[in-house]
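Below is one structure, written out as structure tokens; the observations come after it.
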Amino acid sequence: MNILYVCHRFPYPPKRGGKIRPFNMIRHLTEKGHKVTVCSLARSTAEAEEGRGIAPHCQAFEVGLVSNPVQVVRMVARLPLVTPSSMGFFYSPDLKRKIDHLLASQQWDLIFVHCSSVAQYVEHVTDVPKIIDYGDMDSQKWLEYANYKSFPLSLGYRLEGLKMLAAEKRLAGKFDMGTATTRAEWETLNSYNTGLTTDWFPNGVDASFFSPDGTPYDPDTISFIGRMDYYPNQECMFRFCEQVWPLLRKGRPQMKLLIVGADPSPAVRKLGELEGVTVTGSVPDVRPYVRGAALMVAPLNIARGTQNKILEAMAMGVPVVTSSIAAGGVDAEAEKHFLVADTPDAYAAAIRRICSDPAERSRLADAGRARMLSHHAWPRSMERLDGIIERCVKQFQENKGKRK
């Protein structure tokens, strides 16, 4: 098939959540023999240049180069409109022209959109089967942000969430199939009652790259991994350091916390002044930090979809203690494959349990990696994607025949 693939972040190199899922789809579809043309945005010439590495994994690609200041203006311009500001942030007239040219100059067998914010480029197309991979339901994320921000930001996020919710429902009528990342997100999508045919397929993890390597771990070190310019990561570390860290240090004063991730804000860097806490900033490879720790914490209070950091730690054979909301994005069982907590005392108890009991740590390490191999391997996920595409194209052809 000749496939036009549109996504909101240029999917190479696949080093962050918003790029990992689309890259693995694109690579898989190309390996299956499909001709995939990728269309996406880059926010700097360096990102655009680095993105050229996707060439071996697709038939062709087009980049819309944008700058954040201009995109912010496009966001603000949509504040008084019903259109979500998110769609302004991901809009590029240059990319629009390139996509329109591709649509006019070639015959397409499928259009695949990853992320609702870029559906605007192809929502008008009616003669090609189309799939929208919502991934995470962004409206729910903005609505959740509103609960953690003070006025007037809380109002802004609530309005954006409501506008995005309306857009997600409207887009359902413009596509032939909608997909999500997790069963929970899929259930949210179905709760809209739009009549759209839906399904879900999980994120995977490269279990060869993220694998145990025999590194000895420090039973008094725990880690948190994630971009530290991302608000949910910031918020959970502020709360963890305020509420949980004192409990842990009281019982184990030698305990250390590594906060590992790019672009920490000044407030995040200030956490490094706490006894036992280190804020690393960007590192060339997160794996040594994860493998060398007794466990990884993922105490997220705001989480939609799958947290790739959890999959990667479990694939490396490192136990994870996470919140129930983040656990919902992982196809695994609490207590059996990882530990789940939601209160300061529960977090402290779960962390102490792993740090003080090598046998328990080993049990969770082995069970977690086995679960990643069986339920979060990319080949398994891509099999589901193949079935979704097949059903979408078949359904489109059947409906087309009925219209005739």
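Ordering of the structure tokens sets the chain letters (A, B, ...), residue numbers begin anew at 1 in every chain, and ligands are numbered from 1 in the order given.
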DSSP on the backbone: what in region 121-161 of chain A comes out strand (DSSP E or B), as a short mmCIF file (atom, residue, chain, number, x, y, z; two decimals) with N, CA and C atoms, in the first residue's frame?
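What landed in part-v1.cif:
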```cif
data_model
loop_
_atom_site.label_atom_id
_atom_site.label_comp_id
_atom_site.auth_asym_id
_atom_site.auth_seq_id
_atom_site.Cartn_x
_atom_site.Cartn_y
_atom_site.Cartn_z
N LYS A 130 -8.96 6.34 6.23
CA LYS A 130 -8.14 7.12 7.17
C LYS A 130 -8.27 6.57 8.59
N ILE A 131 -7.13 6.48 9.25
CA ILE A 131 -7.08 6.09 10.65
C ILE A 131 -6.50 7.24 11.46
N ILE A 132 -7.13 7.57 12.57
CA ILE A 132 -6.57 8.54 13.51
C ILE A 132 -6.16 7.81 14.77
N ASP A 133 -4.87 7.81 15.05
CA ASP A 133 -4.36 7.23 16.29
C ASP A 133 -4.30 8.35 17.33
N TYR A 134 -5.34 8.44 18.13
CA TYR A 134 -5.35 9.47 19.17
C TYR A 134 -4.16 9.28 20.11
N GLY A 135 -3.70 8.04 20.25
CA GLY A 135 -2.63 7.77 21.21
C GLY A 135 -3.18 7.96 22.61
#
```
Handout entry: Close residues, Lys98 (chain A) itself excluded, 9 Å, only C-alpha atoms, min 5 positions apart in chain, as a list in words
Key =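 Final neighbour list, sorted by chain and number: Cys39, Glu62, Val63, Gly64, Pro93 and Leu103 of chain A.
Between Val73 (chain A) and the candidates A:Met87, A:Lys174, A:Leu143, A:Val244, the tightest atom-to-atom separation, counting only C-alpha atoms, involves A:Met87.
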Exercise for the section: Tell me, as a ChimeraX atom specification, which residues lie within 12 Å of Tyr192 (chain A), counting only C-alpha atoms; anything in the same chain fewer than 4 positions away does not count. Expected result: /A:137,139,165-173,178,185-188,196-198
Okay, now the selection with C-alpha atoms, as a short mmCIF file (atom, residue, chain, number, x, y, z; two decimals), in the first residue's frame?
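Written out: result39.cif:
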```cif
data_model
loop_
_atom_site.label_atom_id
_atom_site.label_comp_id
_atom_site.auth_asym_id
_atom_site.auth_seq_id
_atom_site.Cartn_x
_atom_site.Cartn_y
_atom_site.Cartn_z
CA MET A 137 -6.79 11.44 24.74
CA SER A 139 -8.42 16.57 26.20
CA LEU A 165 -12.74 17.25 23.78
CA ALA A 166 -15.11 18.78 21.24
CA ALA A 167 -12.42 18.48 18.55
CA GLU A 168 -11.74 14.82 19.37
CA LYS A 169 -15.44 14.05 19.02
CA ARG A 170 -15.75 16.06 15.78
CA LEU A 171 -12.70 14.37 14.23
CA ALA A 172 -14.26 10.97 14.90
CA GLY A 173 -16.76 11.79 12.16
CA GLY A 178 -9.81 5.60 15.72
CA GLU A 185 -7.70 5.37 26.70
CA TRP A 186 -9.73 3.21 24.32
CA GLU A 187 -12.55 3.09 26.85
CA THR A 188 -12.41 6.89 27.13
CA LEU A 196 -16.51 5.62 15.19
CA THR A 197 -15.02 2.14 14.81
CA THR A 198 -12.26 1.94 17.44
#
```
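Among A:Cys7, A:Gly17, A:Gln397, A:Met372, the residue with the shortest atom-to-atom distance to Tyr230 (chain A), counting only C-alpha atoms, is A:Gly17.
Between Arg352 (chain A) and the residues A:Leu385, A:Leu339, A:Cys236, A:Ala370, the shortest atom-to-atom distance, using only C-alpha atoms, involves A:Leu339.
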Problem - Distance in Å - CA of Ile389 (chain A) versus CA of Arg371 (chain A) - result: 26.1 Å
